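J.: Have a look at this one.
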There are 4 protein chains.
Amino acid sequence: MTRKKVGVVNVTGYAGMELARLLAGHDGVELVSVTGRSVAGQKLADCLPYLEGLDLTITAEPGNVDLAFLALPHSESACEAARLLKEGVKVVDISADFRLKNAALYPEWYGFTHPFPDLLQSAVYGLPELYRGQIRPAELVANPGCYPAAAILALAPVLKEGIIAGSIVIDAKSGLSGAGRSLSLKSHYCEANENVTAYALEGHRHLPEIIQEFALAASTEAPEVTFVPHLVPATRGILASCYARVKKEISPVGLKELYNSYYRSEPFIRVVDEAPHTKRAAGTNLCLIYPVIDKRSGCLVVISAIDNLVKGAAGQAVQNMNLMFGFEETAGLKAIAAYP
Amino acid sequence: MTRKKVGVVNVTGYAGMELARLLAGHDGVELVSVTGRSVAGQKLADCLPYLEGLDLTITAEPGNVDLAFLALPHSESACEAARLLKEGVKVVDISADFRLKNAALYPEWYGFTHPFPDLLQSAVYGLPELYRGQIRPAELVANPGCYPAAAILALAPVLKEGIIAGSIVIDAKSGLSGAGRSLSLKSHYCEANENVTAYALEGHRHLPEIIQEFALAASTEAPEVTFVPHLVPATRGILASCYARVKKEISPVGLKELYNSYYRSEPFIRVVDEAPHTKRAAGTNLCLIYPVIDKRSGCLVVISAIDNLVKGAAGQAVQNMNLMFGFEETAGLKAIAAYP
Amino acid sequence: MTRKKVGVVNVTGYAGMELARLLAGHDGVELVSVTGRSVAGQKLADCLPYLEGLDLTITAEPGNVDLAFLALPHSESACEAARLLKEGVKVVDISADFRLKNAALYPEWYGFTHPFPDLLQSAVYGLPELYRGQIRPAELVANPGCYPAAAILALAPVLKEGIIAGSIVIDAKSGLSGAGRSLSLKSHYCEANENVTAYALEGHRHLPEIIQEFALAASTEAPEVTFVPHLVPATRGILASCYARVKKEISPVGLKELYNSYYRSEPFIRVVDEAPHTKRAAGTNLCLIYPVIDKRSGCLVVISAIDNLVKGAAGQAVQNMNLMFGFEETAGLKAIAAYP
Amino acid sequence: MTRKKVGVVNVTGYAGMELARLLAGHDGVELVSVTGRSVAGQKLADCLPYLEGLDLTITAEPGNVDLAFLALPHSESACEAARLLKEGVKVVDISADFRLKNAALYPEWYGFTHPFPDLLQSAVYGLPELYRGQIRPAELVANPGCYPAAAILALAPVLKEGIIAGSIVIDAKSGLSGAGRSLSLKSHYCEANENVTAYALEGHRHLPEIIQEFALAASTEAPEVTFVPHLVPATRGILASCYARVKKEISPVGLKELYNSYYRSEPFIRVVDEAPHTKRAAGTNLCLIYPVIDKRSGCLVVISAIDNLVKGAAGQAVQNMNLMFGFEETAGLKAIAAYP
């Protein structure tokens with residue numbers, strides 16, 4: 001079988017780097033193009049020595065590919081995607097530029113007026129567990145944010161079934177790779193090590209994405225969601241602790257059965273029997289989910305764990321590509337966590 | 001002035017070790033006795049080399065002291081405390097044996113029938129910000145648990161003022177020292193490093209303590225509290241993220257003023273202007289508190305940060321001792337965080 | 001092609017766990033047996049949840065296999081290996097039981113009299129870069145220790161060529177996984193985190209192995225080697241900094257050429273252009289080597305970096321197996337580091 | 001007693017910050033001035049929240065002080081020191097600008113021609129264990145580099161006594177705070193975490209300082225020194241592993257006695273009985289030293305451990321100040337490590 005040609009636009013951030021790693025180990029595709037404006041002309045291996053096995057030169061613009069992964073900063077992706085789509089190139093966009101259906105939210109949350117609002121409607125939200133059928137034929141897939149991926153997978157079953165009501169609290173803990181590769185004091189080793197902190201209490205950009213998908217899952221008005229992200233001193237991993245009031249009574253056994261049934265055929269979801277550890281998902285495309293009813297308060301608690309760079313970014317993108325190309329959904333994504 | 005003689009019973013755990021450190025730097029007291037059954041007879045410095053400045057031999061039983069800090073396992077403390085109190089020795093108990101007013105809770109939560117239920121009534125809960133007046137004359141002070149200390153200080157003002165209602169979520173993140181010095185796989189470096197996990201979802205022992213104090217602060221029935229502790233890969237620090245519904249409307253400015261006013265004279269509480277970092281409290285007796293109303297969901301969010309071994313254990317105990325001896329409340333507790 | 005059947009004896013330590021991970025991703029073999037005495041009867045996934053993809057039950061004894069990896073404690077391996085060899089099973093022994101050619105060294109360094117000294121002669125030291133031809137037909141391969149692997153690969157070229165003389169210093173830094181999965185205070189998170197220490201200054205067990213191979217490489221008497229291992233707060237990785245006096249003059253360019261030439265065809269050795277980072281080898285079977293002459297002191301400095309659990313243990317074992325079975329040498333070992 | 005007035009020039013780096021912490025807890029001085037050009041005009045507590053206890057405003061230039069600590073970048077310190085000395089202000093310079101006696105070394109190693117070569121002769125190298133008598137009356141003290149402090153204290157006794165000969169290897173491991181607070185990829189959390197690397201193999205700036213002091217201690221020509229610094233994933237701590245050939249035979253007992261005797265009266269040196277842990281010195285001004293003869297190779301191995309920001313920078317500076325002001329040498333430096 002001829003391998004599909006794929007490219008990574010902006011390979012020098014952590015999501016782009018992780019894409020290069022996963023695509024290099026994927027039998028169905030050939031990674032033929034990697035871009036990075038500030039380092040164009042350099043050998044990939046000179047710029048990122050651990051990728052020495054990939055004999056590629058970084059370019060300023062993507063070459064001739066069947067599908068491009070865009071890992072550009074928010075707002076730049078939209079224009080690049082529009083251009084590539086016109087050329088018949090499929091696009092999986094890692095940025096937030098096509099995640100929100102409502103164009104009016106972009107100025108408020110991302111500080112720019114969306115240049116291609118029509119594309120927002122044709123873009124498919126790239127969470128296969130919810131939108132597999134639409135992803136397969138899509139030309140443009142909006143890869144979910146890392147926090148939304150963890151939160152939506154945690155609560156989709158109970159939202160769909162109308163089990164929970166009213167306000168939802170998402171308390172998420174992320175490793176530092178979620179803060180990106182750009183230098184900043186918050187990611188400076190000595191400031192981040194031995195430190196835990198909440199941030200973005202004024203409103204994190206992933207909130208409207210979470211609300212949009214919660215509402216769609218529940219087929220209701222947008223629920224009240226309080227979302228507080230935290231940084232913890234680790235490189236990879238998101239643990240999302242989700243709290244909600246139960247409106248339709250369900251037994252502990254019933255809750256477990258609901259999740260098992262909902263995710264029965266999902267290749268990357270594991271409904272687990274004890275609170276998940278992020279380390280057990282590290283380097284994999286898995287999402288570990290632990291749903292429980294607090295027997296004293298009656299509160300529903302669902303804990304989900306993902307690797308923010310895999311199921312939260314690059315692995316999710318490859319899963320979407322697999323669907324778009326008609327590959328086996330797990331192709332290139334079968335590695336076991338390098339534990340410990 | 002003659003220094004008061006103090007002792008640490010069970011110096012070989014992290015709380016006991018931290019007590020030794022703090023007491024050694026305290027001008028008003030002389031640390032004359034340290035016990036540790038399994039290492040009795042050894043020089044303290046041979047057992048714990050970083051304490052080489054302290055010329056003490058570990059004994060099996062505490063010597064002649066004015067006040068003893070008990071850092072024994074739960075259930076052993078009660079008997080030791082009763083014995084010492086009879087001898088006229090003041091006691092600050094780091095264990096949970098005197099924290100709960102209701103003796104009936106001990107079998108359920110700690111697995112033993114309390115041997116001295118009468119002492120539960122005379123014991124004072126050692127959180128000076130709430131019980132300063134009672135701590136001063138007390139003979140027996142029950143030092144708060146680390147999670148309760150963080151959670152109660154975070155919410156006491158809004159509980160007292162009746163600002164919040166209904167169910168409360170406490171999502172707390174602790175460094176590994178909270179899990180103690182006893183060997184276990186969960187504290188094994190390679191298992192804990194690069195890992196985040198929730199635990200005790202079936203009910204953590206600190207829950208009844210939190211509920212007791214929340215009810216007392218609010219002068220109401222016990223509120224519904226969902227408390228989920230987490231372990232993060234750091235040695236020290238607790239960050240407690242507390243979520244509650246607002247029942248009595250309050251403006252953001254009013255909320256800030258309430259906290260400022262409530263904690264105005266408190267030497268160890270800092271109401272801060274941005275989400276606190278645990279690292280900024282490391283090694284200190286401070287509790288950093290950041291209260292905010294989520295403007296979209298209307299949820300009250302209060303984030304508090306402490307060093308679990310200081311304000312969450314040994315420092316809190318020294319603060320209690322200072323009150324019991326009539327010392328300046330901050331004596332021996334003025335060190336600045338060794339940042340970074 | 002029929003897959004070869006392989007087993008891991010003692011899967012519950014870090015080397016055994018890593019073997020399970022690598023073998024599960026190897027197309028040429030089927031992992032049919034995993035043993036672990038203390039947990040025999042358990043499902044592998046119940047014991048080690050991150051291995052949930054492997055549907056195996058842990059047994060007390062290995063089943064019917066073509067090749068067994070022994071990850072037993074030192075001294076137990078020798079007997080098990082002898083037994084398996086008699087049954088016609090090939091053996092790759094991860095323990096030290098067959099690494100030393102001189103049986104007389106076992107009582108001194110490992111505290112037991114070797115039960116099968118004859119096997120020491122037929123065993124092949126499993127470092128393919130030095131003994132590839134002998135590994136291919138071998139029935140019994142002694143997998144190198146993690147420190148020796150890093151040190152020998154660093155210095156083999158200059159030892160062979162007689163470039164260095166006299167005393168050699170090996171200053172090696174290891175992550176905590178090298179200290180194993182057994183509980184101990186030195187591996188307790190709070191004691192190991194934010195700590196660096198040297199250990200085994202009275203003589204580490206890997207020293208005679210290093211000396212044996214240095215002497216064989218140099219075709220000389222055993223050189224004087226000072227080997228000091230250190231523990232650093234990381235999970236994986238060994239960085240070996242090797243220092244030696246130059247006796248046969250060589251230019252910086254000549255040194256680089258010597259290493260490039262020596263390792264030209266090696267699939268897992270990378271002679272790099274700047275001091276290597278252990279992180280760039282994490283999860284891979286690579287050994288990164290940086291040789292340099294200190295221009296002021298004239299000292300030869302060679303820095304090598306490996307993942308102690310891969311090139312230092314399980315990956316090395318799989319590479320040996322590949323040779324023994326006539327597989328492509330890199331089969332199952334092509335993964336790129338999951339950086340960062 | 002009137003407190004001496006002191007200032008910290010450039011408080012916003014890690015050495016300056018640590019000075020502020022230590023000086024705030026020093027009874028003999030008042031920290032009256034802190035400078036920082038880029039943040040002049042800000043409250044110290046706004047810039048560095050953990051220093052909220054210090055009511056100071058950052059200025060561009062130091063105010064009226066008895067002694068100034070200069071924590072400026074190399075080359076800027078020299079001019080500022082000259083200016084302050086003229087005004088009668090004592091100076092402890094944390095930079096390297098007055099450490100080297102030979103002005104000719106500055107262009108080679110630091111890239112600038114020394115503007116005040118005469119001051120190099122009057123400056124005293126601020127290592128009290130070697131130069132106490134000269135530090136007391138000094139007006140200008142050059143605070144040692146962090147690596148030199150660890151290396152010189154490790155080897156001074158054997159250099160003085162002529163025990164060692166020929167070439168010396170210093171393999172030093174430093175936490176990331178040694179790399180400073182300026183943003184760089186090497187200090188970016190995700191790049192530094194789980195990584196060990198050597199650096200500056202072409203020659204680190206601390207090398208001429210080490211050689212100068214080794215020669216002075218040994219009263220010989222400059223010895224051949226190979227110095228390779230490493231970065232390990234910790235915030236604080238330097239472990240220096242020093243290797244040297246023995247030329248004058250000495251027994252293990254004799255070696256231990258030599259060190260004990262040499263450092264008998266030193267308040268901050270501990271000759272320890274097992275390989276030191278950096279964590280045991282964290283936050284303290286201690287230097288832990290473990291000298292041993294490798295019984296097989298005959299090599300002298302001395303391991304020293306310090307907190308790079310305390311004995312390696314700010315604490316050392318305070319110790320020097322104590323001597324210059326005639327204070328008790330340990331004033332303000334008595335804190336015990338906040339272990340774990």
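Quick note on naming: the chains in the structure tokens go A, B, ... in the order shown, residues restart at 1 in each chain, and ligands are numbered from 1 in order of appearance.
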As number ranges by chain, list the residues of range 24-108 of chain A assigned to alpha helix (DSSP H) by DSSP on the backbone atoms of this structure.

T.: A: 24, 44-47, 76-86, 105-108

J.: As JSON, numbers by chain, list the residues of range 115-309 of chain D assigned to strand (DSSP E or B) by DSSP on the backbone atoms of this structure.

T.: {"D": [124, 125, 140, 141, 142, 164, 165, 166, 167, 168, 169, 170, 171, 172, 173, 174, 188, 197, 198, 225, 226, 227, 228, 229, 230, 231, 238, 239, 240, 241, 242, 243, 244, 245, 246, 269, 270, 271, 277, 287, 288, 289, 290, 291, 292, 293, 300, 301, 302, 303, 304, 305, 306]}

J.: Should the cut-off be 7 Å, what would the residue list for chain A against chain B look like, counting only C-alpha atoms, as a ChimeraX atom specification?

T.: /A:190-191,194-199,224-226,232-235,239,275-279,297,299,340

J.: What's the 6 Å shell around range 31-42 of chain B, counting only C-alpha atoms, without same-chain residues fewer than 3 positions away, as a ChimeraX atom specification?

T.: /B:6-11,57-63

J.: Please dump the current selection as a compact mmCIF listing (two decimals), in the first residue's frame; keep C-alpha atoms.

T.:
# COMPACT_ATOMS: atom_id res chain seq x y z
CA VAL B 6 9.87 20.52 75.67
CA GLY B 7 9.97 17.07 74.15
CA VAL B 8 9.01 15.43 70.88
CA VAL B 9 7.50 11.99 71.17
CA ASN B 10 8.31 10.03 68.03
CA VAL B 11 10.83 12.24 66.36
CA THR B 57 20.05 10.87 72.49
CA ILE B 58 16.82 9.25 71.40
CA THR B 59 14.98 7.59 74.26
CA ALA B 60 12.03 5.25 74.47
CA GLU B 61 10.02 7.47 76.79
CA PRO B 62 9.87 11.26 77.10
CA GLY B 63 11.86 12.80 79.94

J.: Phe69 in chain D: which residues within 12 Å, counting only C-alpha atoms, same-chain residues fewer than 4 positions away excluded, as an NGL selection string?

T.: :D and (5-11 or 15-20 or 23 or 31-35 or 62 or 65 or 77 or 80-81 or 84-85 or 89-95 or 139-143 or 313-318 or 320-321)

J.: Quick one: everything within 12 Å of Trp109 in chain D, counting only C-alpha atoms, minus sequence neighbours fewer than 5 positions away in the same chain. Send it as a list of chain:residue names.

T.: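 Residues meeting the cut-off are D:His74, D:Ser75, D:Ala96, D:Asp97, D:Leu100, D:Asn102, D:Ala103, D:Ala104, D:His114, D:Glu202, D:Gly203, D:His204, D:Arg205, D:His206, D:Leu207, D:Pro208, D:Glu209.
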
J.: If you keep N, CA, C and O atoms, can you produce a file of those selected residues as a compact mmCIF listing (two decimals), in the first residue's frame?

T.:
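After the write, again16.txt holds the following:
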# COMPACT_ATOMS: atom_id res chain seq x y z
N HIS D 74 28.54 39.62 35.64
CA HIS D 74 29.98 39.81 35.57
C HIS D 74 30.30 41.02 34.71
O HIS D 74 29.63 41.27 33.71
N SER D 75 31.30 41.78 35.11
CA SER D 75 31.82 42.99 34.45
C SER D 75 31.13 44.25 34.93
O SER D 75 31.75 45.30 35.00
N ALA D 96 32.19 37.36 39.60
CA ALA D 96 33.56 36.85 39.49
C ALA D 96 34.59 37.96 39.30
O ALA D 96 35.78 37.69 39.16
N ASP D 97 34.14 39.22 39.37
CA ASP D 97 35.01 40.31 38.93
C ASP D 97 36.26 40.53 39.77
O ASP D 97 37.19 41.22 39.34
N LEU D 100 39.77 36.50 40.46
CA LEU D 100 41.04 36.10 39.85
C LEU D 100 42.10 37.16 40.12
O LEU D 100 41.87 38.35 39.92
N ASN D 102 44.97 37.37 38.59
CA ASN D 102 45.66 37.70 37.35
C ASN D 102 44.69 38.36 36.37
O ASN D 102 43.85 37.70 35.77
N ALA D 103 44.85 39.69 36.21
CA ALA D 103 43.92 40.44 35.36
C ALA D 103 43.90 39.91 33.94
O ALA D 103 42.88 40.03 33.23
N ALA D 104 44.99 39.31 33.53
CA ALA D 104 45.08 38.84 32.14
C ALA D 104 44.09 37.71 31.85
O ALA D 104 43.82 37.39 30.69
N HIS D 114 39.76 43.96 32.43
CA HIS D 114 39.37 44.40 33.77
C HIS D 114 39.61 45.89 33.95
O HIS D 114 40.72 46.37 33.74
N GLU D 202 34.16 22.62 27.00
CA GLU D 202 35.22 23.43 26.38
C GLU D 202 35.92 24.31 27.42
O GLU D 202 36.91 24.97 27.11
N GLY D 203 35.43 24.28 28.68
CA GLY D 203 36.07 25.08 29.73
C GLY D 203 35.08 25.98 30.43
O GLY D 203 34.56 26.92 29.84
N HIS D 204 34.81 25.70 31.70
CA HIS D 204 33.86 26.50 32.47
C HIS D 204 34.61 27.65 33.14
O HIS D 204 35.76 27.49 33.57
N ARG D 205 33.95 28.78 33.29
CA ARG D 205 34.59 29.98 33.86
C ARG D 205 35.11 29.80 35.28
O ARG D 205 35.91 30.60 35.74
N HIS D 206 34.59 28.80 35.94
CA HIS D 206 35.09 28.58 37.30
C HIS D 206 36.44 27.85 37.33
O HIS D 206 37.06 27.75 38.39
N LEU D 207 36.87 27.38 36.20
CA LEU D 207 38.13 26.62 36.18
C LEU D 207 39.35 27.44 36.61
O LEU D 207 40.12 27.01 37.47
N PRO D 208 39.57 28.64 36.04
CA PRO D 208 40.76 29.39 36.48
C PRO D 208 40.73 29.73 37.97
O PRO D 208 41.78 29.80 38.62
N GLU D 209 39.55 29.92 38.49
CA GLU D 209 39.40 30.20 39.93
C GLU D 209 39.80 28.97 40.75
O GLU D 209 40.51 29.08 41.76

J.: Rounded to one decimal in Å, what is the spacing between CA of Phe325 in chain A and CA of Gly332 in chain C?

T.: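 Going from CA of Phe325 in chain A over to CA of Gly332 in chain C, I get 25.6 Å.
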
J.: Near Asn260 in chain A, within 7 Å and counting only C-alpha atoms, which residues show up once chain neighbours fewer than 4 positions away are dropped, as an NGL selection string?

T.: :A and (256 or 264 or 271)

J.: Write the selection just made, keeping all heavy atoms, as a compact mmCIF listing (two decimals), in the first residue's frame?

T.:
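Saved file selection-v1.txt follows:
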# COMPACT_ATOMS: atom_id res chain seq x y z
N LYS A 256 -21.17 2.44 37.10
CA LYS A 256 -20.07 1.69 36.48
C LYS A 256 -20.54 1.04 35.18
O LYS A 256 -19.83 1.08 34.16
CB LYS A 256 -19.58 0.62 37.48
CG LYS A 256 -18.28 -0.04 37.13
CD LYS A 256 -17.09 0.89 37.36
CE LYS A 256 -15.81 0.33 36.80
NZ LYS A 256 -15.38 -0.92 37.46
N ARG A 264 -17.63 0.73 25.82
CA ARG A 264 -17.28 -0.68 25.59
C ARG A 264 -16.36 -0.89 24.39
O ARG A 264 -15.37 -1.61 24.47
CB ARG A 264 -18.57 -1.49 25.40
CG ARG A 264 -18.29 -2.96 25.05
CD ARG A 264 -19.44 -3.84 25.48
NE ARG A 264 -19.65 -3.76 26.94
CZ ARG A 264 -20.84 -3.58 27.52
NH1 ARG A 264 -21.92 -3.44 26.79
NH2 ARG A 264 -20.92 -3.52 28.84
N VAL A 271 -12.23 2.24 31.51
CA VAL A 271 -12.96 2.53 32.74
C VAL A 271 -12.31 1.67 33.82
O VAL A 271 -12.34 0.44 33.73
CB VAL A 271 -14.46 2.21 32.59
CG1 VAL A 271 -15.21 2.55 33.88
CG2 VAL A 271 -15.04 2.98 31.40

J.: How many Å separate CA of Leu48 in chain A from CA of Gly283 in chain C?

T.: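 Taking CA of Leu48 in chain A and CA of Gly283 in chain C, their separation equals 16.4 Å.
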
J.: One number please: CA of Ala78 in chain A to CA of Ile152 in chain A, in Å, one decimal.

T.: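 Interatomic distance, CA of Ala78 in chain A to CA of Ile152 in chain A: 23.8 Å.
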